[in-house]
Amino acid sequence: MDICVIGSCGKKKQTSSPEAPTCNQLQSKEDLAIWRERLQDLVVPARDMYVGNQSRELGKGVDLLRTIDNVSVEYFIISAGFGLLAEKSLVPPYECSFSTMGSKAIKKRASNLSIDSDFLSICEKKYDLLYLALGKKYLYSLGSSWQSVFDGILVAFDSKLDSPDAIIIPAGNSTVKAFSRHGHKVHGAAGFKGDLLRILADYALKQEDSYNEVSAWVEPFYLKQTIFSFAGL
């Protein structure tokens with residue numbers, strides 16, 4: 001069972017510096033090596049750099065799934081500063097986010113950082129399940145070409161991606177409250193996308209055959225029913 005998880009960068013970072021570059025100073029993927037050198041004492045793996053609720057819980061979910069035999073999980077993070085990063089890529093602190101940009105600026109920046117083309121290459125690997133823990137603006141940075149290439153099961157949080165093989169989860173306050181009422185630890189709407197992967201992984205580990213449970217997620221109806229049952233939806 002091959003799973004791909006895509007997260008996003010966040011404002012809260014493990015390291016910081018008054019010398020941290022801004023969007024204007026980061027115009028291509030090549031700038032990563034430059035700033036790694038300049039801020040070499042402050043670089044950390046991408047998965048450890050972002051310390052907000054969503055990033056932390058998403059990482060927990062990835063790690064839990066990796067404890068299940070024959071389940072492979074690859075984890076990437078979209079950085080508005082440096083592009084699409086593998087989880088172990090070393091990154092320095094920076095100040096740049098898609099959250100403050102309009103669609104034209106996002107599209108231009110994503111192209112400059114090769115986010116769309118890099119993600120297309122990832123989708124060509126034919127994962128069984130793709131988990132997009134992304135808000136609308138980071139999702140927009142991926143472009144649309146990947147949708148004609150990826151043919152596995154998709155879990156996402158934007159109704160624009162709705163398709164027979166997509167499980168679209170509303171990530172608003174009503175959904176968060178429903179999960180909380182049913183005893184799940186959630187960190188508000190901002191952290192929910194990470195929480196859900198952790199909840200799914202924890203559920204699989206509690207089953208008699210964890211691998212069999214995860215393998216069943218390739219059936220969209222079953223996975224959707226499972227997720228919604230967590231909150232009585």
# chains A, B, ... in the order shown; residues from 1 in each chain; ligands from 1

$ residues_around --residues "Gly232 (chain A)" --least-positions-apart "5" --cutoff "9 Å" --atoms "only C-alpha atoms" --output "list in words"
Ala178, Phe179 and His182 of chain A

$ residues_around --residues "region 48-62 of chain A" --least-positions-apart "6" --cutoff "8 Å" --atoms "only C-alpha atoms" --output "count of residues only"
27

$ residues_around --residues "Lys104 (chain A)" --least-positions-apart "5" --cutoff "12 Å" --atoms "only C-alpha atoms" --output "list in words"
Phe98, Arg109, Ala110, Ser111, Lys137, Tyr140, Ser141 and Gly143 of chain A

$ write_last_selection --atoms "N, CA and C atoms" --output "CSV table (one decimal), in the first residue's frame"
chain,number,residue,atom,x,y,z
A,98,PHE,N,1.8,31.6,0.8
A,98,PHE,CA,0.8,31.8,-0.3
A,98,PHE,C,-0.5,32.4,0.3
A,109,ARG,N,4.4,32.3,-8.9
A,109,ARG,CA,5.4,31.8,-7.9
A,109,ARG,C,5.5,30.3,-8.0
A,110,ALA,N,4.4,29.6,-8.1
A,110,ALA,CA,4.4,28.2,-8.1
A,110,ALA,C,5.2,27.7,-9.4
A,111,SER,N,5.0,28.4,-10.5
A,111,SER,CA,5.7,28.1,-11.7
A,111,SER,C,7.2,28.4,-11.5
A,137,LYS,N,-5.4,28.0,-1.2
A,137,LYS,CA,-4.3,28.7,-1.9
A,137,LYS,C,-3.1,27.7,-2.1
A,140,TYR,N,-4.1,25.5,-4.9
A,140,TYR,CA,-4.1,26.2,-6.2
A,140,TYR,C,-2.6,26.2,-6.8
A,141,SER,N,-1.7,26.2,-5.9
A,141,SER,CA,-0.3,26.2,-6.4
A,141,SER,C,0.1,24.9,-7.1
A,143,GLY,N,-1.6,23.6,-9.5
A,143,GLY,CA,-2.1,23.6,-10.9
A,143,GLY,C,-3.2,22.5,-11.0

$ closest_residue --among "A:Leu139, A:Ser145, A:Ser97, A:Val44" --to "Leu120 (chain A)" --atoms "only C-alpha atoms"
A:Ser145

$ residues_around --residues "Glu124 (chain A)" --least-positions-apart "3" --cutoff "9 Å" --atoms "only C-alpha atoms" --output "list in words"
Phe119, Leu120, Ser121, Tyr127, Trp146, Val149 and Phe150 of chain A

$ closest_residue --among "A:Gln147, A:Gln25, A:Ser16, A:Ser163" --to "Cys123 (chain A)" --atoms "only C-alpha atoms"
A:Gln147

$ closest_residue --among "A:Ala166, A:Ala231, A:Ala20, A:Val214" --to "Ile68 (chain A)" --atoms "only C-alpha atoms"
A:Val214

$ residues_around --residues "Asn70 (chain A)" --least-positions-apart "4" --cutoff "9 Å" --atoms "only C-alpha atoms" --output "short mmCIF file (atom, residue, chain, number, x, y, z; two decimals) with C-alpha atoms, in the first residue's frame"
data_model
loop_
_atom_site.label_atom_id
_atom_site.label_comp_id
_atom_site.auth_asym_id
_atom_site.auth_seq_id
_atom_site.Cartn_x
_atom_site.Cartn_y
_atom_site.Cartn_z
CA MET A 1 0.00 0.00 0.00
CA ASP A 2 1.64 3.21 -1.18
CA ARG A 66 4.78 3.78 8.84
CA TYR A 211 -2.68 -3.60 6.99
#
